[in-house]
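Student: run_6.cif (mmCIF, C-alpha atoms and all ligand atoms) pasted underneath:
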```cif
data_input
#
loop_
_atom_site.label_atom_id
_atom_site.label_comp_id
_atom_site.auth_asym_id
_atom_site.auth_seq_id
_atom_site.Cartn_x
_atom_site.Cartn_y
_atom_site.Cartn_z
CA MET A 883 105.51 72.37 111.54
CA SER A 884 102.01 72.74 110.13
CA PHE A 885 99.00 74.69 111.37
CA GLY A 886 96.85 72.81 108.86
CA PRO A 887 94.67 74.15 106.05
CA MET A 888 94.33 77.90 106.39
CA PRO A 889 92.37 80.55 104.51
CA ILE A 890 93.66 84.06 103.65
CA ALA A 891 93.81 85.88 107.00
CA ASN A 892 92.37 89.18 105.77
CA ARG A 893 89.84 87.77 103.31
CA PHE A 894 86.59 88.48 105.17
CA LEU A 895 83.77 87.08 103.15
CA LEU A 896 80.05 86.88 102.48
CA PRO A 897 78.05 83.63 102.62
CA GLU A 898 77.98 83.42 98.81
CA ASP A 899 81.82 83.23 98.85
CA PHE A 900 82.03 80.35 101.37
CA ALA A 901 81.98 77.58 98.75
CA ASP A 902 84.93 79.02 96.78
CA GLU A 903 87.07 79.96 99.74
CA TYR A 904 90.80 79.59 99.09
CA PHE A 905 92.83 77.43 101.50
CA PHE A 906 96.54 76.60 101.64
CA GLU A 907 98.68 74.71 104.13
CA LEU A 908 100.13 77.09 106.71
CA ALA A 909 103.51 75.54 107.40
CA PRO A 910 106.42 77.57 108.79
CA ALA A 911 109.91 76.08 108.64
CA PHE A 912 113.28 76.96 110.12
CA CYS A 913 116.43 76.94 107.99
CA ASP A 914 119.40 76.06 110.16
CA GLU A 915 121.79 77.46 107.58
CA CYS A 916 120.40 81.01 107.22
CA THR A 917 118.36 80.93 110.49
CA MET A 918 115.26 82.21 108.67
CA VAL A 919 111.79 81.18 109.80
CA GLN A 920 109.57 81.21 106.75
CA LEU A 921 106.41 79.75 105.28
CA ILE A 922 106.91 76.85 102.93
CA ASN A 923 103.79 77.70 100.90
CA GLN A 924 102.39 81.11 100.29
CA PRO A 925 99.37 82.19 98.27
CA ALA A 926 100.05 84.39 95.22
CA PRO A 927 100.56 88.04 96.30
CA ASP A 928 97.46 89.25 94.45
CA GLU A 929 95.30 86.77 96.47
CA MET A 930 96.35 88.75 99.56
CA PHE A 931 97.04 92.35 98.53
CA ASN A 932 94.32 93.64 96.27
CA ASP A 933 91.55 96.21 96.18
CA ASP A 934 89.63 94.29 98.86
CA TYR A 935 92.51 94.41 101.32
CA ALA A 936 90.85 94.77 104.71
CA PHE A 937 93.74 96.03 106.79
CA PHE A 938 93.81 99.74 107.55
CA SER A 939 96.74 100.84 109.70
CA GLY A 940 95.04 103.91 111.10
CA THR A 941 92.50 102.02 113.23
CA SER A 942 94.40 102.51 116.48
CA GLN A 943 95.39 105.72 118.29
CA HIS A 944 98.48 104.01 119.66
CA MET A 945 99.64 103.07 116.17
CA THR A 946 99.09 106.62 114.97
CA ARG A 947 101.38 107.87 117.76
CA HIS A 948 103.87 105.09 117.12
CA PHE A 949 104.31 106.21 113.51
CA GLN A 950 104.58 109.87 114.54
CA ASP A 951 107.50 108.89 116.80
CA PHE A 952 109.02 106.67 114.10
CA ALA A 953 108.93 109.56 111.58
CA GLU A 954 110.31 112.02 114.17
CA LEU A 955 113.31 109.77 114.80
CA VAL A 956 114.00 109.31 111.08
CA CYS A 957 113.87 113.12 110.58
CA LYS A 958 116.29 113.63 113.46
CA ARG A 959 118.78 110.90 112.66
CA ASN A 960 118.60 110.22 108.94
CA LEU A 961 117.47 113.31 107.01
CA SER A 962 120.22 115.82 107.58
CA GLY A 963 120.91 116.83 103.92
CA ASP A 964 119.09 119.33 101.67
CA ASP A 965 115.70 118.37 100.26
CA PRO A 966 115.70 114.79 101.56
CA PHE A 967 113.58 112.08 99.98
CA VAL A 968 111.81 109.32 101.90
CA VAL A 969 110.22 106.23 100.34
CA GLU A 970 107.92 103.92 102.23
CA LEU A 971 107.25 100.41 100.99
CA GLY A 972 103.65 99.38 101.69
CA CYS A 973 102.53 102.77 102.99
CA ASN A 974 98.96 101.50 103.58
CA ASP A 975 96.64 104.42 104.43
CA GLY A 976 99.58 106.80 104.93
CA ILE A 977 99.78 106.55 108.72
CA MET A 978 103.59 107.02 108.61
CA LEU A 979 104.05 109.23 105.52
CA GLN A 980 101.45 111.76 106.69
CA ASN A 981 104.05 112.88 109.23
CA PHE A 982 106.67 113.58 106.52
CA MET A 983 104.04 115.26 104.36
CA ALA A 984 103.12 117.57 107.24
CA LYS A 985 106.75 118.68 107.46
CA GLY A 986 106.92 119.31 103.69
CA ILE A 987 109.46 116.49 103.19
CA ARG A 988 109.57 114.85 99.75
CA HIS A 989 108.09 111.40 100.03
CA LEU A 990 106.66 108.54 98.01
CA GLY A 991 104.58 105.58 99.13
CA VAL A 992 104.69 102.33 97.18
CA GLU A 993 101.42 100.53 97.92
CA PRO A 994 100.00 97.70 95.77
CA SER A 995 96.58 97.56 97.50
CA GLY A 996 94.58 100.17 95.57
CA ASN A 997 91.89 100.81 98.20
CA VAL A 998 94.27 101.69 101.04
CA ALA A 999 96.51 103.66 98.64
CA ASP A 1000 93.46 105.78 97.75
CA VAL A 1001 92.95 106.61 101.42
CA ALA A 1002 96.56 107.82 101.57
CA ARG A 1003 96.13 109.85 98.37
CA LYS A 1004 93.07 111.55 99.81
CA LYS A 1005 95.27 112.79 102.63
CA GLY A 1006 97.55 114.40 100.00
CA ILE A 1007 100.29 111.76 100.20
CA THR A 1008 102.13 110.86 97.00
CA VAL A 1009 101.61 107.16 96.27
CA THR A 1010 102.35 104.79 93.43
CA SER A 1011 100.16 101.68 93.39
CA GLU A 1012 102.45 98.79 92.52
CA PHE A 1013 104.69 96.10 93.98
CA PHE A 1014 108.26 97.22 94.74
CA SER A 1015 111.00 95.70 92.56
CA GLU A 1016 114.29 96.65 90.94
CA ASP A 1017 112.34 98.09 87.96
CA THR A 1018 110.06 100.14 90.23
CA ALA A 1019 113.17 101.39 92.06
CA ALA A 1020 114.84 102.45 88.80
CA ARG A 1021 111.72 104.38 87.77
CA ILE A 1022 111.54 106.11 91.15
CA VAL A 1023 115.20 107.17 90.87
CA GLU A 1024 114.53 108.58 87.39
CA GLN A 1025 111.55 110.62 88.60
CA HIS A 1026 112.58 111.62 92.13
CA GLY A 1027 116.28 110.78 92.65
CA HIS A 1028 117.84 108.47 95.25
CA ALA A 1029 116.30 108.00 98.67
CA ASP A 1030 117.82 109.10 101.98
CA ALA A 1031 115.63 106.65 103.83
CA ILE A 1032 113.60 103.67 102.69
CA LEU A 1033 111.09 102.68 105.33
CA ALA A 1034 108.79 99.72 105.77
CA ALA A 1035 106.61 98.83 108.72
CA ASN A 1036 104.99 95.40 108.84
CA VAL A 1037 105.71 95.02 105.16
CA MET A 1038 109.15 93.46 104.66
CA CYS A 1039 108.05 90.20 106.28
CA HIS A 1040 105.20 90.05 103.74
CA ILE A 1041 107.44 89.93 100.66
CA ALA A 1042 108.47 86.41 99.66
CA ASP A 1043 110.98 87.59 97.06
CA ILE A 1044 113.18 89.35 99.58
CA SER A 1045 116.16 89.32 97.21
CA SER A 1046 114.15 91.36 94.67
CA VAL A 1047 113.40 93.91 97.40
CA ALA A 1048 117.06 93.96 98.42
CA ALA A 1049 118.03 94.55 94.76
CA GLY A 1050 115.47 97.38 94.53
CA VAL A 1051 116.78 98.95 97.73
CA ASN A 1052 120.28 98.78 96.29
CA VAL A 1053 119.14 100.76 93.24
CA LEU A 1054 117.09 103.32 95.16
CA LEU A 1055 119.21 104.06 98.23
CA LYS A 1056 121.72 106.92 98.39
CA ASP A 1057 125.26 105.85 99.34
CA THR A 1058 124.68 107.34 102.77
CA GLY A 1059 121.04 106.26 102.95
CA VAL A 1060 119.41 103.80 105.31
CA LEU A 1061 116.85 101.06 105.01
CA ILE A 1062 114.73 100.97 108.18
CA PHE A 1063 112.07 98.37 108.66
CA GLU A 1064 110.16 96.81 111.52
CA ASP A 1065 108.22 93.60 111.77
CA PRO A 1066 106.90 91.20 114.42
CA TYR A 1067 109.95 89.77 116.14
CA LEU A 1068 110.74 86.07 116.31
CA GLY A 1069 112.14 86.42 119.84
CA ASP A 1070 108.72 87.62 121.07
CA VAL A 1071 106.83 84.98 119.10
CA ILE A 1072 108.89 82.24 120.74
CA LYS A 1073 108.84 83.77 124.23
CA LYS A 1074 105.08 84.44 124.22
CA THR A 1075 103.95 81.49 122.08
CA SER A 1076 102.26 84.11 119.90
CA TYR A 1077 101.84 81.66 117.04
CA ASP A 1078 99.06 83.88 115.67
CA GLN A 1079 101.76 86.05 114.07
CA ILE A 1080 102.10 83.21 111.60
CA TYR A 1081 99.64 83.63 108.73
CA ASP A 1082 99.67 83.92 104.96
CA GLU A 1083 100.97 87.49 104.78
CA HIS A 1084 103.85 86.88 107.19
CA VAL A 1085 106.07 84.83 104.95
CA PHE A 1086 109.02 85.53 107.28
CA VAL A 1087 109.29 85.90 111.04
CA PHE A 1088 112.57 87.79 111.34
CA SER A 1089 115.31 87.89 113.93
CA ALA A 1090 118.46 90.02 113.86
CA LEU A 1091 120.34 86.84 112.93
CA SER A 1092 118.21 86.16 109.86
CA VAL A 1093 117.96 89.82 108.79
CA SER A 1094 121.73 90.28 108.78
CA ARG A 1095 122.12 87.14 106.68
CA ALA A 1096 119.31 88.06 104.26
CA PHE A 1097 120.73 91.46 103.34
CA GLU A 1098 124.48 90.86 103.46
CA GLY A 1099 124.46 89.54 99.90
CA CYS A 1100 123.40 92.92 98.53
CA GLY A 1101 125.96 94.85 100.57
CA LEU A 1102 123.64 96.07 103.32
CA ARG A 1103 124.74 95.74 106.93
CA LEU A 1104 122.64 95.71 110.09
CA VAL A 1105 123.81 98.79 112.05
CA ASP A 1106 121.10 99.29 114.67
CA VAL A 1107 118.18 97.44 116.24
CA MET A 1108 115.35 98.90 118.32
CA PRO A 1109 112.75 96.71 120.04
CA GLN A 1110 109.17 97.99 119.62
CA PRO A 1111 106.03 97.17 121.59
CA THR A 1112 103.82 97.17 118.48
CA HIS A 1113 102.12 94.04 117.14
CA GLY A 1114 102.79 92.31 120.43
CA GLY A 1115 106.57 92.65 120.09
CA SER A 1116 108.39 93.91 117.02
CA MET A 1117 111.95 94.78 116.09
CA ARG A 1118 113.10 97.77 114.07
CA TYR A 1119 116.17 97.05 111.93
CA VAL A 1120 118.41 99.77 110.47
CA LEU A 1121 120.64 98.77 107.56
CA ALA A 1122 123.26 100.85 105.77
CA ARG A 1123 125.61 100.21 102.89
CA GLU A 1124 128.73 98.26 103.81
CA GLY A 1125 131.33 100.69 105.18
CA ALA A 1126 128.92 103.66 105.46
CA GLN A 1127 128.18 103.22 109.17
CA GLU A 1128 129.58 101.02 111.96
CA PRO A 1129 127.05 98.74 113.72
CA ASN A 1130 126.33 99.92 117.26
CA ALA A 1131 126.59 97.81 120.42
CA ALA A 1132 122.85 97.00 120.42
CA VAL A 1133 123.34 94.83 117.33
CA ALA A 1134 126.01 92.62 118.90
CA ASP A 1135 123.99 92.42 122.13
CA LEU A 1136 120.84 91.29 120.34
CA LEU A 1137 122.71 88.73 118.23
CA ASP A 1138 124.17 87.28 121.46
CA GLN A 1139 120.75 87.22 123.11
CA GLU A 1140 119.26 85.42 120.12
CA ARG A 1141 121.98 82.77 120.17
CA GLY A 1142 121.36 82.40 123.90
CA MET A 1143 117.64 81.82 123.20
CA GLY A 1144 118.47 79.22 120.56
CA LEU A 1145 117.00 81.18 117.64
CA ASP A 1146 119.73 79.57 115.53
CA LYS A 1147 118.80 76.00 116.57
CA ALA A 1148 116.10 73.74 115.12
CA GLY A 1149 115.31 72.26 118.57
CA THR A 1150 113.89 75.63 119.68
CA PHE A 1151 111.18 75.29 117.03
CA ASP A 1152 110.28 71.74 118.13
CA GLN A 1153 109.64 73.18 121.59
CA PHE A 1154 107.66 76.02 120.04
CA ARG A 1155 105.41 73.50 118.28
CA GLU A 1156 104.71 71.77 121.58
CA SER A 1157 103.91 75.13 123.23
CA CYS A 1158 101.44 75.93 120.41
CA GLU A 1159 99.69 72.59 120.86
CA LYS A 1160 99.42 73.19 124.62
CA SER A 1161 98.05 76.70 124.07
CA ARG A 1162 95.45 75.32 121.66
CA SER A 1163 94.23 72.63 124.04
CA ASN A 1164 94.09 75.08 126.97
CA LEU A 1165 92.09 77.62 124.97
CA MET A 1166 89.64 75.03 123.68
CA GLN A 1167 89.19 73.66 127.19
CA VAL A 1168 88.15 77.16 128.36
CA LEU A 1169 85.83 77.75 125.38
CA ASN A 1170 84.21 74.31 125.63
CA ASP A 1171 83.67 74.74 129.38
CA LEU A 1172 82.04 78.14 128.85
CA LYS A 1173 79.85 76.74 126.11
CA ALA A 1174 78.81 73.87 128.34
CA GLY A 1175 78.00 76.41 131.06
CA GLY A 1176 75.80 78.40 128.66
CA LYS A 1177 77.98 81.52 128.78
CA ARG A 1178 77.93 84.11 126.00
CA VAL A 1179 81.38 84.63 124.43
CA VAL A 1180 82.22 87.30 121.86
CA GLY A 1181 85.54 87.80 120.05
CA TYR A 1182 87.20 91.22 120.34
CA GLY A 1183 89.09 92.38 117.22
CA ALA A 1184 88.81 90.51 113.93
CA THR A 1185 92.59 90.63 113.55
CA SER A 1186 94.49 88.87 110.81
CA LYS A 1187 96.14 86.91 113.60
CA SER A 1188 92.79 85.56 114.78
CA THR A 1189 92.42 83.63 111.52
CA THR A 1190 95.30 81.37 112.57
CA VAL A 1191 93.93 80.97 116.09
CA MET A 1192 90.39 80.14 115.01
CA ASN A 1193 91.35 77.74 112.24
CA TYR A 1194 94.21 76.04 114.12
CA CYS A 1195 92.18 75.61 117.31
CA GLY A 1196 88.84 74.79 115.64
CA ILE A 1197 86.88 77.73 117.06
CA THR A 1198 83.40 78.00 115.53
CA GLN A 1199 80.23 79.99 116.03
CA ASP A 1200 79.33 77.39 118.67
CA HIS A 1201 82.05 78.95 120.80
CA ILE A 1202 81.87 82.60 119.74
CA GLU A 1203 78.66 84.43 118.90
CA PHE A 1204 80.32 87.13 116.79
CA ILE A 1205 83.48 89.23 116.65
CA SER A 1206 83.38 92.94 117.42
CA ASP A 1207 85.58 95.05 115.14
CA THR A 1208 85.78 98.77 114.40
CA THR A 1209 86.93 98.38 110.76
CA PRO A 1210 83.93 99.18 108.52
CA ILE A 1211 85.10 96.93 105.63
CA LYS A 1212 85.10 93.87 107.93
CA GLN A 1213 81.68 94.53 109.47
CA GLY A 1214 78.75 92.56 108.06
CA LYS A 1215 81.19 89.97 106.72
CA PHE A 1216 82.33 86.62 108.09
CA THR A 1217 85.74 85.54 109.33
CA PRO A 1218 87.95 83.50 106.99
CA GLY A 1219 87.53 79.75 107.39
CA SER A 1220 85.59 79.87 110.67
CA HIS A 1221 82.74 81.98 109.19
CA ILE A 1222 81.91 83.83 112.39
CA PRO A 1223 80.02 87.12 111.82
CA VAL A 1224 81.94 90.38 112.32
CA LYS A 1225 79.85 93.15 113.86
CA PRO A 1226 80.45 96.78 114.77
CA HIS A 1227 81.56 97.66 118.27
CA ASP A 1228 78.01 98.76 119.15
CA ALA A 1229 76.89 95.13 118.99
CA PHE A 1230 79.35 94.43 121.82
CA LYS A 1231 78.69 97.58 123.81
CA ASP A 1232 74.90 97.42 123.62
CA ASN A 1233 74.68 93.84 124.89
CA TYR A 1234 77.80 92.88 126.80
CA PRO A 1235 78.61 89.14 126.67
CA ASP A 1236 79.83 87.21 129.72
CA TYR A 1237 83.28 86.80 128.18
CA ALA A 1238 85.29 88.51 125.45
CA LEU A 1239 88.08 86.62 123.73
CA LEU A 1240 90.83 89.17 123.20
CA PHE A 1241 92.02 88.50 119.67
CA ALA A 1242 93.49 92.03 119.45
CA TRP A 1243 95.80 91.27 122.44
CA ASN A 1244 98.50 93.48 120.92
CA HIS A 1245 96.26 96.50 121.73
CA LYS A 1246 95.49 95.28 125.25
CA ALA A 1247 96.42 98.49 127.09
CA GLU A 1248 94.33 100.67 124.77
CA ILE A 1249 91.38 98.27 124.84
CA MET A 1250 91.39 97.81 128.63
CA ALA A 1251 91.37 101.60 129.04
CA ASN A 1252 88.41 101.92 126.66
CA GLU A 1253 86.41 98.98 128.00
CA GLU A 1254 86.34 99.59 131.73
CA ALA A 1255 82.53 99.51 131.62
CA PHE A 1256 82.62 95.92 130.32
CA ALA A 1257 84.65 94.78 133.33
CA GLU A 1258 82.40 96.84 135.64
CA SER A 1259 79.39 95.02 134.19
CA GLY A 1260 81.00 91.76 135.34
CA GLY A 1261 82.45 90.93 131.91
CA LYS A 1262 85.65 88.90 131.75
CA TRP A 1263 88.46 88.68 129.23
CA ILE A 1264 89.86 85.47 127.81
CA ASN A 1265 93.56 85.88 126.95
CA PHE A 1266 95.74 83.39 125.11
CA VAL A 1267 99.06 85.27 124.90
CA PRO A 1268 101.44 84.60 126.57
CA ASP A 1269 99.26 82.01 128.37
CA VAL A 1270 95.60 81.08 128.32
CA SER A 1271 94.03 82.97 131.22
CA ILE A 1272 90.89 84.78 132.32
CA SER A 1273 91.04 88.34 133.61
CA SER A 1274 88.55 91.03 134.51
P1 LIG B 1301 95.86 94.56 114.21
O1 LIG B 1301 96.37 94.95 115.53
O2 LIG B 1301 96.37 95.32 113.07
O3 LIG B 1301 96.15 93.06 114.06
P2 LIG B 1301 96.48 92.18 112.75
O4 LIG B 1301 97.79 92.66 112.25
O5 LIG B 1301 96.54 90.81 113.33
O6 LIG B 1301 95.34 92.35 111.78
O7 LIG B 1301 94.28 94.61 114.12
C1 LIG B 1301 93.48 95.08 115.10
C2 LIG B 1301 92.04 94.78 114.72
O8 LIG B 1301 91.27 94.99 115.88
C3 LIG B 1301 91.51 95.72 113.65
O9 LIG B 1301 90.63 95.00 112.81
C4 LIG B 1301 90.73 96.76 114.44
C5 LIG B 1301 90.31 96.00 115.65
N1 LIG B 1301 90.22 96.82 116.87
C6 LIG B 1301 88.97 96.98 117.45
O10 LIG B 1301 87.96 96.45 116.96
N2 LIG B 1301 88.89 97.73 118.58
C7 LIG B 1301 89.99 98.32 119.14
O11 LIG B 1301 89.87 99.01 120.18
C8 LIG B 1301 91.27 98.14 118.53
C9 LIG B 1301 92.50 98.76 119.11
C10 LIG B 1301 91.33 97.37 117.38
#
```
Let me see whether you can do it: turn the structure in this file into C-alpha cells.
Tutor:
Amino acid sequence: MSFGPMPIANRFLLPEDFADEYFFELAPAFCDECTMVQLINQPAPDEMFNDDYAFFSGTSQHMTRHFQDFAELVCKRNLSGDDPFVVELGCNDGIMLQNFMAKGIRHLGVEPSGNVADVARKKGITVTSEFFSEDTAARIVEQHGHADAILAANVMCHIADISSVAAGVNVLLKDTGVLIFEDPYLGDVIKKTSYDQIYDEHVFVFSALSVSRAFEGCGLRLVDVMPQPTHGGSMRYVLAREGAQEPNAAVADLLDQERGMGLDKAGTFDQFRESCEKSRSNLMQVLNDLKAGGKRVVGYGATSKSTTVMNYCGITQDHIEFISDTTPIKQGKFTPGSHIPVKPHDAFKDNYPDYALLFAWNHKAEIMANEEAFAESGGKWINFVPDVSISS
C-alpha cells in the first residue's frame, strides 16, 4: 500500500527550506514468505539521522521511568558475571545507559546522530558516534571485549540493513550474551489502526514471527517476548545464541496469537489499508466540520508519527493553527510537508484552543494528567487512535 509522497518525519524546517524539501513515496509492503512488513523505499540514512536529528528520548517522564525499569531488569537477569559490559545501539540522549552508568557498569552507546550523542556524553556516558556494523563491532570487541547484553530501543526497526546488524551482533555478543530490543509492535498497529507508526525511520514494523525469521540466519533465537505500553504498543524481543537458552512459553504463545490475527497473511494488510482510509476520512470530516464552525484547533505533540497523519490525510494550517511541542529544537520551525508552525507549550497554555488534536496519543495518560485545566476550560481532545473520537 502507499501513503503517498512523504517528507522526512523528523525534518522540521524553516520557510527558506520549503522549496528544497525532500519527499519519497511512503509505501509499506508485506512479504508472505518472511512475514516482514517493511518500507519499499527509504531515504538514505544520513537524510534521517544527522546532527539536526530532532528526536530526544528524554522528553517524557514516563519514558525516563520505562528505561529505568528496562535497565533494572537487564541488570537482574542478564548481567550476572564479573565486570559486565553493555552496549546500546542508538543510545540517543542516554536515557537508558544513564542507569547503567549510575551503577558503575561498563557501557558503550553507539549513536550516529552527533547532537543527541553529545547530550549523552555531557551526562558522562561513553558514546561512539557512528553507525553500527560488523566493522564497528570488531573495533568495540578489540577495545572493550565482548558484550553481555546488546540493547536497542526504537532503533532496530530503523536499520534497513538488518543483516549487517545481525552480523555485528554476532561478532560483539558473548556466547552467553543476549540481544534485547524493543520496537513498535505490528500487532498493535493492526489492532489500533495506528498507521502513524509507519514513517521513513520505521523501515520495519516487527512481529515475533518476522523477528524470529530475520535473526535465525545468524544463529540467534527468540527466547523471550515482553509486551510494552510504550509508543502506543511495543514488543521487547530477547534473542540468544542457538542452544544457549531455551525459548520460554511466552514466545510460543505470541507466535500462536499472531497466526490467529493473520499477521502471516497478506489479506490482513488489505483490511488494514481499508481501515487507514476510513480513519483518514473520519478525521478529515471532524476537522472540516470544526473549521466550518469557526473552531480553533491546535495540534498537541509534533511527533514523528504526526508527519504521516498530516501528509496522508491532507491536514493543513487551515485545519490546525499550530502544534504545541516541548522539544526546543522543533519550536519556531514548521512541520515536514504540511508546514504548520511548531510552538512552545506556553502558546497552548496561554490561549487554550477549542480543540486539541492529540498527535502524541502514545503519551495520553501523562498528557491528560498534566492538562486537566484545558478540559476544565471547556477544551476538547480529538483522538484518532484507535478510532476517531472527541473526548474532554
Ligand atoms: P514521541 O512520543 O517520541 O513520538 P514519535 O516517536 O512519533 O516522535 O514524541 C512525543 C512528542 O510530543 C515530542 O516531540 C515531545 C512532545 N510532547 C509534548 O509536547 N508534550 C508532552 O506532554 C509530551 C509527553 C510530549
Student: How would you report the residues lying within 10 Å of ligand LIG 1301 (chain B), as an MDAnalysis selection string, if you count all atoms listed in the file?
Tutor: chainID A and resid 891:892 936:945 1036 1066 1078:1081 1083:1084 1112:1114 1181:1190 1205:1213 1224:1227 1240:1253
Student: Using only C-alpha atoms, which of A:Ala1148, A:Met978, A:Val1023, A:Val1037 sits nearest Thr946 of chain A?
Tutor: A:Met978
Student: Excluding Leu1169 of chain A and its own-chain neighbours fewer than 3 positions away, which residues fall within 10 Å of it when counting only C-alpha atoms? Please give them as a list in words.
Tutor: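 Returned residues: Ser1163, Asn1164, Leu1165, Met1166, Leu1172, Lys1173, Ala1174, Gly1175, Lys1177, Val1179, Ile1197, Asp1200, His1201, Ile1202, Tyr1237, Leu1239 and Ile1264 of chain A.
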Student: What separation in Å, quoted to one decimal, exists between atom CA of Ile1022 of chain A and atom CA of Leu990 of chain A?
Tutor: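 About the pair atom CA of Ile1022 of chain A and atom CA of Leu990 of chain A: they are 8.8 Å apart.
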Student: I want to know what sits within 12 Å of Glu954 of chain A, based on all atoms listed in the file, with residues of the same chain fewer than 3 positions away left out; could you give that as a VMD selection string?
Tutor: chain A and resid 947 to 951 957 to 961 978 to 982 984 to 985 987
Student: For Thr1058 of chain A, which of A:Asp1030, A:Glu1012, A:Asp1236, A:Asp1228 is the closest residue, counting only C-alpha atoms?
Tutor: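 So, comparing all the options, the nearest one is A:Asp1030.
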Student: Which residues are near Val1085 of chain A? Cut-off 12 Å, all atoms listed in the file, ignore same chain within fewer than 3 positions. Put them as an MDAnalysis selection string.
Tutor: chainID A and resid 908:912 918:927 930 1036:1044 1065:1066 1079:1082 1088
Student: Take atom CA of Asp964 of chain A and atom CA of His989 of chain A and report the distance between them in Å, one decimal.
Tutor: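 For atom CA of Asp964 of chain A relative to atom CA of His989 of chain A, the distance reads 13.7 Å.
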Student: Suppose you want the space between atom CA of Val1053 of chain A and atom CA of Ser1015 of chain A; what is it in Å?
Tutor: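 Going from atom CA of Val1053 of chain A over to atom CA of Ser1015 of chain A covers 9.6 Å.
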Student: Would you be able to write out as a list in words which residues have an atom within 10 Å of (118.5, 87.8, 110.6) in the file's coordinates, counting only C-alpha atoms?
Tutor: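 The residues near that point, listed by chain and number, are Cys916, Thr917, Met918, Val919, Leu1068, Val1087, Phe1088, Ser1089, Ala1090, Leu1091, Ser1092, Val1093, Ser1094, Arg1095, Ala1096, Phe1097, Glu1098, Leu1104, Tyr1119, Leu1137, Glu1140, Leu1145 and Asp1146 of chain A.
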Student: Within 12 Å of Phe900 of chain A, counting only C-alpha atoms, which residues qualify if same-chain residues fewer than 2 places away don't, as a list in words?
Tutor: Pro889, Arg893, Phe894, Leu895, Leu896, Pro897, Glu898, Asp902, Glu903, Tyr904, Phe905, Lys1215, Phe1216, Thr1217, Pro1218, Gly1219, Ser1220, His1221 and Ile1222 of chain A
Student: Using only C-alpha atoms, please write the residues we just selected to a file, as a PDB file, in the frame of the given file.
Tutor:
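Result saved to out01.pdb:
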```
ATOM      1  CA  PRO A 889      92.370  80.550 104.510  1.00  0.00           C
ATOM      2  CA  ARG A 893      89.840  87.770 103.310  1.00  0.00           C
ATOM      3  CA  PHE A 894      86.590  88.480 105.170  1.00  0.00           C
ATOM      4  CA  LEU A 895      83.770  87.080 103.150  1.00  0.00           C
ATOM      5  CA  LEU A 896      80.050  86.880 102.480  1.00  0.00           C
ATOM      6  CA  PRO A 897      78.050  83.630 102.620  1.00  0.00           C
ATOM      7  CA  GLU A 898      77.980  83.420  98.810  1.00  0.00           C
ATOM      8  CA  ASP A 902      84.930  79.020  96.780  1.00  0.00           C
ATOM      9  CA  GLU A 903      87.070  79.960  99.740  1.00  0.00           C
ATOM     10  CA  TYR A 904      90.800  79.590  99.090  1.00  0.00           C
ATOM     11  CA  PHE A 905      92.830  77.430 101.500  1.00  0.00           C
ATOM     12  CA  LYS A1215      81.190  89.970 106.720  1.00  0.00           C
ATOM     13  CA  PHE A1216      82.330  86.620 108.090  1.00  0.00           C
ATOM     14  CA  THR A1217      85.740  85.540 109.330  1.00  0.00           C
ATOM     15  CA  PRO A1218      87.950  83.500 106.990  1.00  0.00           C
ATOM     16  CA  GLY A1219      87.530  79.750 107.390  1.00  0.00           C
ATOM     17  CA  SER A1220      85.590  79.870 110.670  1.00  0.00           C
ATOM     18  CA  HIS A1221      82.740  81.980 109.190  1.00  0.00           C
ATOM     19  CA  ILE A1222      81.910  83.830 112.390  1.00  0.00           C
TER      20      ILE A1222
END
```
Student: Can you tell me, as a PyMOL selection string, what residues are no more than 8 Å from Ser1273 of chain A when counting only C-alpha atoms, ignoring any on the same chain fewer than 4 positions away?
Tutor: chain A and resi 1262-1265
Student: Restricting the output to C-alpha atoms, write the selected residues as an mmCIF file, keeping the file's coordinate frame.
Tutor:
```cif
data_model
loop_
_atom_site.group_PDB
_atom_site.id
_atom_site.type_symbol
_atom_site.label_atom_id
_atom_site.label_comp_id
_atom_site.auth_asym_id
_atom_site.auth_seq_id
_atom_site.Cartn_x
_atom_site.Cartn_y
_atom_site.Cartn_z
ATOM 1 C CA LYS A 1262 85.650 88.900 131.750
ATOM 2 C CA TRP A 1263 88.460 88.680 129.230
ATOM 3 C CA ILE A 1264 89.860 85.470 127.810
ATOM 4 C CA ASN A 1265 93.560 85.880 126.950
#
```
Student: Which of these, A:Pro1109, A:Pro1268, A:Gly1059, A:Pro1235, has the shortest distance to Ser1157 of chain A once you count only C-alpha atoms?
Tutor: A:Pro1268
Student: For Gly1069 of chain A, which residue out of A:Gln1025, A:Gln1139, A:Thr1010, A:Asn1130 is the nearest one, using only C-alpha atoms?
Tutor: A:Gln1139
Student: Which one is closest to Asp1070 of chain A: A:Gly1050, A:His1028, A:Ser995, A:Ser1116? Count all atoms listed in the file.
Tutor: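 With all atoms listed in the file as the atom set, the closest residue is A:Ser1116.
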Student: Find, counting all atoms listed in the file, the residue in A:Val969, A:Val992, A:Ile1062, A:Ala1132 that gets nearest to Ala1035 of chain A.
Tutor: A:Ile1062
